[in-house]
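Shown below: structure-v9.txt, with compact mmCIF, C-alpha atoms and all ligand atoms.
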# COMPACT_ATOMS: atom_id res chain seq x y z
CA MET A 7 0.00 0.00 0.00
CA SER A 8 1.43 3.31 -1.07
CA LYS A 9 1.32 6.31 1.22
CA ARG A 10 0.95 8.84 -1.56
CA GLN A 11 -0.59 12.17 -0.72
CA MET A 12 -3.54 13.72 -2.52
CA LYS A 13 -2.39 16.32 -5.03
CA ARG A 14 -4.83 16.62 -7.92
CA ILE A 15 -8.38 15.99 -6.75
CA LEU A 16 -11.60 15.22 -8.65
CA VAL A 17 -14.90 15.74 -6.84
CA THR A 18 -17.94 14.13 -8.46
CA GLY A 19 -21.37 15.40 -7.36
CA ALA A 20 -19.72 18.74 -6.61
CA VAL A 21 -22.97 20.66 -7.12
CA GLY A 22 -24.71 18.58 -4.45
CA GLN A 23 -25.28 19.25 -0.76
CA ILE A 24 -22.00 17.84 0.56
CA GLY A 25 -19.95 18.08 -2.66
CA SER A 26 -20.38 21.85 -2.94
CA GLU A 27 -18.97 22.62 0.51
CA LEU A 28 -16.39 19.83 0.37
CA THR A 29 -15.02 21.23 -2.90
CA MET A 30 -14.54 24.67 -1.36
CA ALA A 31 -12.83 23.20 1.72
CA LEU A 32 -10.52 21.09 -0.45
CA ARG A 33 -9.70 24.09 -2.66
CA GLU A 34 -8.74 26.09 0.39
CA ARG A 35 -6.48 23.29 1.61
CA TYR A 36 -4.98 21.93 -1.61
CA GLY A 37 -5.13 24.97 -3.88
CA ASN A 38 -7.99 26.12 -6.12
CA ASP A 39 -6.51 24.79 -9.35
CA ASN A 40 -5.85 21.36 -7.84
CA VAL A 41 -9.50 20.56 -7.15
CA LEU A 42 -11.70 19.81 -10.15
CA ALA A 43 -15.42 20.14 -9.40
CA THR A 44 -17.75 18.13 -11.63
CA GLY A 45 -21.49 17.75 -12.00
CA ARG A 46 -23.89 15.99 -14.32
CA LYS A 47 -26.57 18.55 -15.15
CA THR A 48 -27.13 21.16 -12.46
CA LYS A 49 -25.46 24.49 -13.08
CA PRO A 50 -22.73 25.23 -10.52
CA THR A 51 -23.02 28.30 -8.31
CA GLU A 52 -20.78 31.23 -9.15
CA THR A 53 -18.69 30.52 -6.07
CA LEU A 54 -17.99 27.01 -7.28
CA ARG A 55 -17.52 28.06 -10.89
CA ASN A 56 -15.24 31.02 -10.21
CA SER A 57 -13.00 29.50 -7.55
CA GLY A 58 -11.51 26.71 -9.67
CA PRO A 59 -12.02 24.32 -12.58
CA PHE A 60 -15.47 22.85 -13.32
CA GLU A 61 -16.53 20.24 -15.89
CA PHE A 62 -19.71 18.36 -16.68
CA ILE A 63 -19.29 14.57 -16.57
CA ASP A 64 -21.55 11.56 -16.01
CA ILE A 65 -20.11 8.80 -13.83
CA VAL A 66 -22.17 6.17 -15.65
CA LYS A 67 -20.36 7.15 -18.84
CA PRO A 68 -16.77 6.02 -18.18
CA GLU A 69 -15.30 7.94 -21.13
CA THR A 70 -16.47 11.28 -19.69
CA VAL A 71 -14.76 10.47 -16.38
CA GLU A 72 -11.57 9.19 -17.98
CA LYS A 73 -11.22 12.32 -20.09
CA VAL A 74 -11.20 14.70 -17.11
CA ILE A 75 -8.90 12.38 -15.14
CA ASP A 76 -6.37 12.56 -17.98
CA ASP A 77 -6.88 16.24 -18.78
CA TYR A 78 -6.37 17.29 -15.15
CA ASP A 79 -3.86 14.59 -14.16
CA ILE A 80 -6.09 13.45 -11.28
CA ASP A 81 -4.66 11.27 -8.50
CA THR A 82 -7.51 11.35 -5.96
CA ILE A 83 -11.30 11.09 -6.29
CA PHE A 84 -14.05 12.05 -3.86
CA ASN A 85 -17.06 10.27 -5.37
CA MET A 86 -19.91 12.37 -3.99
CA ALA A 87 -22.32 11.74 -6.90
CA ALA A 88 -25.27 9.64 -5.73
CA ILE A 89 -29.02 9.16 -5.82
CA LEU A 90 -30.37 9.44 -2.25
CA SER A 91 -32.90 7.29 -0.41
CA ALA A 92 -36.27 8.84 -1.29
CA VAL A 93 -35.55 9.34 -5.00
CA GLY A 94 -33.96 5.89 -4.99
CA GLU A 95 -37.32 4.39 -4.04
CA GLU A 96 -39.02 6.23 -6.90
CA LYS A 97 -36.27 5.34 -9.36
CA PRO A 98 -34.53 2.17 -8.14
CA SER A 99 -32.94 1.43 -11.49
CA LEU A 100 -31.37 4.89 -11.76
CA CYS A 101 -30.21 4.56 -8.14
CA TRP A 102 -28.44 1.27 -8.93
CA ASP A 103 -26.93 2.68 -12.09
CA VAL A 104 -25.43 5.81 -10.51
CA ASN A 105 -24.53 4.39 -7.09
CA ILE A 106 -23.17 1.02 -8.27
CA ASN A 107 -22.22 1.20 -11.94
CA GLY A 108 -20.98 4.76 -11.43
CA LEU A 109 -18.95 3.70 -8.42
CA TYR A 110 -17.52 0.75 -10.34
CA THR A 111 -16.39 3.14 -13.07
CA ILE A 112 -14.66 5.34 -10.48
CA LEU A 113 -12.93 2.42 -8.75
CA GLU A 114 -11.80 0.80 -11.99
CA LEU A 115 -10.35 4.04 -13.36
CA ALA A 116 -8.64 4.71 -10.02
CA ARG A 117 -7.16 1.20 -10.05
CA LYS A 118 -5.97 1.37 -13.65
CA LYS A 119 -4.43 4.81 -13.19
CA GLU A 120 -2.87 3.83 -9.85
CA MET A 121 -4.40 6.71 -7.96
CA ALA A 122 -3.33 7.75 -4.47
CA LYS A 123 -6.78 7.66 -2.82
CA VAL A 124 -10.53 7.39 -3.37
CA PHE A 125 -13.31 8.52 -1.02
CA VAL A 126 -16.58 6.57 -1.22
CA PRO A 127 -19.36 7.80 1.09
CA SER A 128 -21.68 5.34 2.77
CA SER A 129 -24.67 6.17 4.96
CA ILE A 130 -26.81 5.21 7.95
CA ALA A 131 -29.04 3.80 5.18
CA ALA A 132 -26.68 0.79 5.11
CA PHE A 133 -28.48 -0.38 8.28
CA GLY A 134 -31.95 -1.87 8.41
CA PRO A 135 -34.72 -2.88 10.79
CA GLU A 136 -32.79 -5.91 12.07
CA THR A 137 -29.89 -3.64 13.17
CA PRO A 138 -29.86 -2.51 16.83
CA ARG A 139 -31.23 1.05 16.68
CA GLU A 140 -29.57 2.39 19.82
CA ASN A 141 -25.82 2.90 19.84
CA THR A 142 -25.60 0.94 16.58
CA PRO A 143 -22.32 -0.99 16.66
CA GLN A 144 -19.59 -0.75 14.03
CA GLU A 145 -19.92 -4.43 13.20
CA THR A 146 -23.60 -5.29 12.88
CA VAL A 147 -26.41 -6.60 10.69
CA LEU A 148 -26.55 -4.82 7.30
CA LYS A 149 -29.91 -5.67 5.73
CA PRO A 150 -31.23 -2.37 4.34
CA LYS A 151 -34.70 -2.26 2.85
CA THR A 152 -34.15 0.60 0.40
CA MET A 153 -32.36 0.46 -2.95
CA TYR A 154 -30.18 3.31 -1.72
CA GLY A 155 -29.19 1.24 1.32
CA VAL A 156 -28.49 -1.80 -0.86
CA THR A 157 -26.13 0.27 -3.01
CA LYS A 158 -24.40 1.70 0.06
CA VAL A 159 -23.69 -1.75 1.54
CA ALA A 160 -22.44 -2.97 -1.83
CA GLY A 161 -20.30 0.18 -2.14
CA GLU A 162 -18.68 -0.45 1.26
CA LEU A 163 -17.93 -4.05 0.32
CA LEU A 164 -16.62 -3.09 -3.10
CA GLY A 165 -14.35 -0.41 -1.68
CA ASN A 166 -12.97 -2.79 0.94
CA TYR A 167 -12.45 -5.38 -1.80
CA TYR A 168 -10.43 -2.94 -3.95
CA PHE A 169 -8.30 -2.09 -0.94
CA LYS A 170 -7.48 -5.70 -0.14
CA ARG A 171 -7.36 -7.15 -3.63
CA PHE A 172 -5.71 -4.32 -5.57
CA GLY A 173 -4.10 -2.18 -2.85
CA LEU A 174 -6.19 0.85 -3.89
CA ASP A 175 -6.51 3.18 -0.89
CA VAL A 176 -10.30 3.53 -0.72
CA ARG A 177 -11.88 5.09 2.38
CA GLY A 178 -15.44 5.82 3.42
CA ILE A 179 -17.79 6.96 6.16
CA ARG A 180 -21.39 6.07 7.00
CA TYR A 181 -22.77 9.61 6.94
CA PRO A 182 -25.76 10.45 9.13
CA GLY A 183 -28.26 13.08 7.92
CA ILE A 184 -26.23 16.18 7.09
CA ILE A 185 -27.54 19.66 7.99
CA SER A 186 -26.19 22.59 6.02
CA SER A 187 -26.88 26.18 5.00
CA GLU A 188 -25.25 26.42 1.54
CA THR A 189 -26.87 23.84 -0.75
CA LEU A 190 -30.18 22.06 -0.15
CA PRO A 191 -30.09 18.26 -0.06
CA GLY A 192 -32.01 16.53 -2.81
CA GLY A 193 -34.19 13.50 -2.45
CA GLY A 194 -33.19 12.14 0.94
CA THR A 195 -35.15 11.02 3.99
CA THR A 196 -33.30 13.36 6.35
CA ASP A 197 -34.05 16.45 4.20
CA TYR A 198 -36.68 17.68 6.72
CA ALA A 199 -33.87 18.58 9.14
CA VAL A 200 -32.61 21.14 6.59
CA GLU A 201 -35.89 22.33 5.03
CA ILE A 202 -37.29 23.18 8.48
CA PHE A 203 -34.75 26.02 8.85
CA TYR A 204 -35.61 27.67 5.53
CA GLU A 205 -39.34 27.47 6.27
CA ALA A 206 -38.93 28.64 9.87
CA ILE A 207 -37.14 31.79 8.70
CA LYS A 208 -39.35 32.45 5.68
CA HIS A 209 -42.84 31.39 6.76
CA LYS A 210 -42.56 30.71 10.51
CA LYS A 211 -44.17 27.34 9.88
CA TYR A 212 -43.18 23.95 8.52
CA THR A 213 -45.03 20.77 7.65
CA CYS A 214 -42.64 17.98 8.55
CA PHE A 215 -42.82 14.72 6.59
CA VAL A 216 -41.84 12.50 9.53
CA ARG A 217 -43.51 12.07 12.93
CA GLU A 218 -42.56 14.35 15.81
CA ASP A 219 -40.97 11.46 17.74
CA THR A 220 -38.75 10.35 14.81
CA VAL A 221 -35.15 10.26 16.04
CA LEU A 222 -32.30 9.99 13.53
CA PRO A 223 -28.53 10.51 13.68
CA MET A 224 -27.55 13.92 12.25
CA MET A 225 -24.45 16.04 11.79
CA TYR A 226 -23.69 19.68 11.03
CA MET A 227 -21.79 20.29 7.79
CA PRO A 228 -18.59 21.71 9.32
CA ASP A 229 -18.17 18.46 11.27
CA CYS A 230 -18.97 16.40 8.15
CA ILE A 231 -16.30 18.20 6.11
CA LYS A 232 -13.72 18.04 8.86
CA GLY A 233 -14.30 14.31 9.44
CA THR A 234 -14.15 13.55 5.72
CA ILE A 235 -10.83 15.34 5.22
CA ASP A 236 -9.40 13.97 8.49
CA LEU A 237 -10.15 10.40 7.44
CA MET A 238 -8.59 10.97 4.01
CA GLU A 239 -5.46 12.46 5.56
CA ALA A 240 -5.10 9.80 8.27
CA ASP A 241 -2.07 7.54 8.14
CA VAL A 242 -3.26 4.37 6.42
CA SER A 243 -1.33 2.22 8.87
CA MET A 244 -3.67 3.45 11.65
CA LEU A 245 -6.79 2.18 9.86
CA LYS A 246 -8.31 -1.20 10.62
CA HIS A 247 -11.51 -0.29 8.79
CA HIS A 248 -11.62 1.38 5.41
CA CYS A 249 -14.97 2.08 3.71
CA ASP A 250 -17.50 1.55 6.51
CA PHE A 251 -16.74 3.83 9.47
CA ASN A 252 -19.67 4.60 11.78
CA PHE A 253 -19.70 8.39 12.15
CA ALA A 254 -21.80 10.22 14.75
CA GLY A 255 -22.54 13.86 15.46
CA MET A 256 -25.82 14.25 17.33
CA SER A 257 -29.22 12.57 17.51
CA PHE A 258 -32.56 14.29 18.08
CA SER A 259 -36.24 13.89 17.26
CA ALA A 260 -38.00 16.11 14.73
CA GLY A 261 -39.92 17.58 17.69
CA GLU A 262 -36.74 18.40 19.58
CA LEU A 263 -35.34 20.16 16.51
CA ALA A 264 -38.52 22.22 16.13
CA ALA A 265 -38.43 23.12 19.84
CA GLU A 266 -34.82 24.27 19.56
CA ILE A 267 -35.67 26.48 16.56
CA LYS A 268 -38.64 27.89 18.49
CA LYS A 269 -36.25 29.17 21.16
CA HIS A 270 -34.91 31.56 18.49
CA ILE A 271 -38.16 32.11 16.53
CA PRO A 272 -40.99 31.99 19.11
CA GLU A 273 -43.76 32.26 16.46
CA PHE A 274 -42.47 29.15 14.67
CA ASN A 275 -45.01 26.35 14.39
CA CYS A 276 -44.23 22.86 13.12
CA ILE A 277 -46.90 20.35 12.18
CA TYR A 278 -46.30 16.72 11.27
CA LYS A 279 -47.71 14.91 8.24
CA PRO A 280 -45.68 11.72 7.73
CA ASP A 281 -45.39 10.49 4.14
CA SER A 282 -43.66 7.50 2.54
CA ARG A 283 -40.31 8.67 3.90
CA GLN A 284 -41.47 7.81 7.42
CA ALA A 285 -41.22 4.11 6.59
CA ILE A 286 -37.61 4.61 5.49
CA ALA A 287 -36.72 6.58 8.64
CA ASP A 288 -38.24 3.83 10.79
CA THR A 289 -35.68 1.32 9.46
CA TRP A 290 -32.66 3.48 10.34
CA PRO A 291 -30.76 3.75 13.66
CA GLN A 292 -31.39 6.46 16.24
CA THR A 293 -27.90 6.67 17.74
CA ILE A 294 -24.53 5.48 16.45
CA ASP A 295 -21.45 4.07 18.18
CA ASP A 296 -18.47 5.60 16.36
CA THR A 297 -15.68 4.32 18.65
CA ALA A 298 -13.72 2.90 15.69
CA ALA A 299 -13.57 6.31 13.95
CA ARG A 300 -12.52 7.95 17.22
CA GLU A 301 -9.82 5.38 17.90
CA GLU A 302 -8.44 4.89 14.38
CA TRP A 303 -8.34 8.47 13.12
CA GLY A 304 -9.19 10.67 16.07
CA TRP A 305 -12.75 11.62 15.10
CA GLN A 306 -14.49 14.08 17.42
CA PRO A 307 -17.52 16.22 16.49
CA SER A 308 -17.74 19.86 17.57
CA TYR A 309 -21.44 20.68 17.22
CA ASP A 310 -24.46 19.65 19.31
CA LEU A 311 -28.12 20.50 18.69
CA PRO A 312 -28.14 24.00 20.31
CA SER A 313 -24.87 25.15 18.71
CA MET A 314 -25.88 23.79 15.30
CA VAL A 315 -29.31 25.51 15.40
CA THR A 316 -27.79 28.84 16.48
CA ASP A 317 -25.23 28.73 13.66
CA MET A 318 -27.71 27.57 10.99
CA LEU A 319 -30.17 30.36 11.80
CA GLU A 320 -27.41 32.95 11.81
CA LYS A 321 -25.94 31.80 8.47
CA LEU A 322 -29.30 31.40 6.72
CA GLY A 323 -30.61 34.64 8.22
CA LYS A 324 -27.65 36.50 6.73
CA ARG A 325 -28.20 34.93 3.33
CA TYR A 326 -31.86 35.99 3.34
CA GLU A 327 -30.96 39.51 4.50
CA GLY A 328 -28.28 39.79 1.84
CA GLY A 329 -30.81 38.82 -0.84
CA LEU A 330 -28.95 35.59 -1.64
CA LEU A 331 -32.09 33.59 -0.86
CA ALA A 332 -35.61 34.51 -1.88
N1 LIG A 401 -29.33 11.80 3.95
C1 LIG A 401 -29.46 10.54 3.27
C2 LIG A 401 -30.85 10.27 2.90
O1 LIG A 401 -31.71 10.72 3.61
C3 LIG A 401 -28.96 9.44 4.14
O2 LIG A 401 -27.70 9.08 3.74
O3 LIG A 401 -31.11 9.60 1.96

Can I see the file as structure tokens?
Ligand code: SER
Amino acid sequence: MSKRQMKRILVTGAVGQIGSELTMALRERYGNDNVLATGRKTKPTETLRNSGPFEFIDIVKPETVEKVIDDYDIDTIFNMAAILSAVGEEKPSLCWDVNINGLYTILELARKKEMAKVFVPSSIAAFGPETPRENTPQETVLKPKTMYGVTKVAGELLGNYYFKRFGLDVRGIRYPGIISSETLPGGGTTDYAVEIFYEAIKHKKYTCFVREDTVLPMMYMPDCIKGTIDLMEADVSMLKHHCDFNFAGMSFSAGELAAEIKKHIPEFNCIYKPDSRQAIADTWPQTIDDTAAREEWGWQPSYDLPSMVTDMLEKLGKRYEGGLLA
């Protein structure tokens, strides 16, 4: 196993919720010109477009990926392109295609071109109803009931296989629901925990699509970005796991989140109308044991529910005031 450092980075899904902020953090750390942002269709924001290179590619079309890898002399890939859980249930075939065939394309190109590192995100969706829901262990039952979850388990196994079989340094985290103020998530089950902020500021009310007592593991974006980069920069000899790290920030119910927002916006009113996403949420853990991440690469989150809510409202409030959001 080589210990090569990341120098020329490709981010797929760079227009998405995590990809957009990850790209900016990587550009700050590794130099703007060394981080190529890519997307499939959605137009990049000006910030993304003007701070470094951007190209349109499609990870299910290997030739489009290979071209940018060669053109930009890429040695590291963060594969953030994915179809999330709720859209995955509407379009299971597309979900398989992007999350599995797309991932296979990325891993194969990385193997052939002897890249330094690849990041492959997994998710709490890798778990299922047979998994213990409290303090979910690192090693546990993985029998997801969504197509998204199926692709995430397969992705973890595939990444671990490439590490062992081909010596490709693939790493990954089981992300919880990610809360952020820059780019909205698209098509996930945990999206309510982001939408609620926009609606609370704009309309002082929100209709939440899961029950008030629904508890899920969540994390604030700054912690997500820090953990992702920390794992990728960790000394490989410290890692016993590779593509399947449990990763915890905070856990709260939808009702607790609404109550915390209400402390800042007293008129805020949240009502609950569960839809089909409730059934997905009910199969996922409530709290996560991330001891392995803490021990192997020093993971430690910084934000809890009150500090996350304060920061989200401040950041979003400023964007509304500055006319950046309508
Ligand atoms: N946030 C994702 C989703 O809800 C979970 O990985 O689909």

Got a sec: who's within 7 Å of stretch 258-269 of chain A, counting only C-alpha atoms, leaving out chain neighbours fewer than 6 positions off, as a list of chain:residue names?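 Answer for this query is A:Glu218, A:Asp219, A:Thr220, A:Val221, A:Leu222, A:Cys276, A:Pro312, A:Val315.
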
Give the residue list for ligand LIG 401 (chain A) at 7 Å, counting all atoms listed in the file, as a ChimeraX atom specification, sorted by chain and then by residue number. /A:90-92,129-131,181-184,193-197

Just the residues within 12 Å of A:Ile80, please, counting all atoms listed in the file, with nothing from its chain fewer than 5 positions along; format it as a ChimeraX atom specification. /A:11-17,39-43,71-75,112,115-116,119-124

May I have the protein, DNA and RNA residues with an atom at most 10 Å from (-18.0, 27.7, -6.4), counting only C-alpha atoms in the file's coordinates, returned as a list of chain:residue names?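 Residues with an atom close enough to that point: A:Ala20, A:Val21, A:Ser26, A:Glu27, A:Thr29, A:Met30, A:Arg33, A:Ala43, A:Pro50, A:Thr51, A:Glu52, A:Thr53, A:Leu54, A:Arg55, A:Asn56, A:Ser57, A:Gly58, A:Pro59, A:Phe60.
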
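Counting only C-alpha atoms, the residue from A:Gln23, A:Thr137, A:Ser313, A:Thr82 that sits nearest to A:Val176 is A:Thr82.
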
List as JSON lines every residue of stretch 56-85 of chain A that is in contact with stretch 227-238 of chain A, defined as an atom at most 12 Å from one of its atoms (using all atoms listed in the file), together with the nearest atom pair and the distance in Å rounded to one decimal, sorted by chain and then rising number.
{"residue": "A:Thr82", "atom": "CA", "partner": "A:Met238", "partner_atom": "CA", "distance": 10.0}
{"residue": "A:Ile83", "atom": "CA", "partner": "A:Met238", "partner_atom": "CA", "distance": 10.7}
{"residue": "A:Phe84", "atom": "CA", "partner": "A:Met238", "partner_atom": "CA", "distance": 9.6}
{"residue": "A:Asn85", "atom": "CA", "partner": "A:Thr234", "partner_atom": "CA", "distance": 11.9}

Could you work out how far atom CA of A:Val104 lies from atom CA of A:Pro191, giving the answer in Å with one decimal?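 Taking atom CA of A:Pro191 and atom CA of A:Val104, their separation equals 16.9 Å.
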
Pick the closest to A:Ile271 from A:Arg46, A:Arg180, A:His209, A:Lys170: which is it, counting all atoms listed in the file?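 That would be A:His209, the residue with the smallest distance to A:Ile271.
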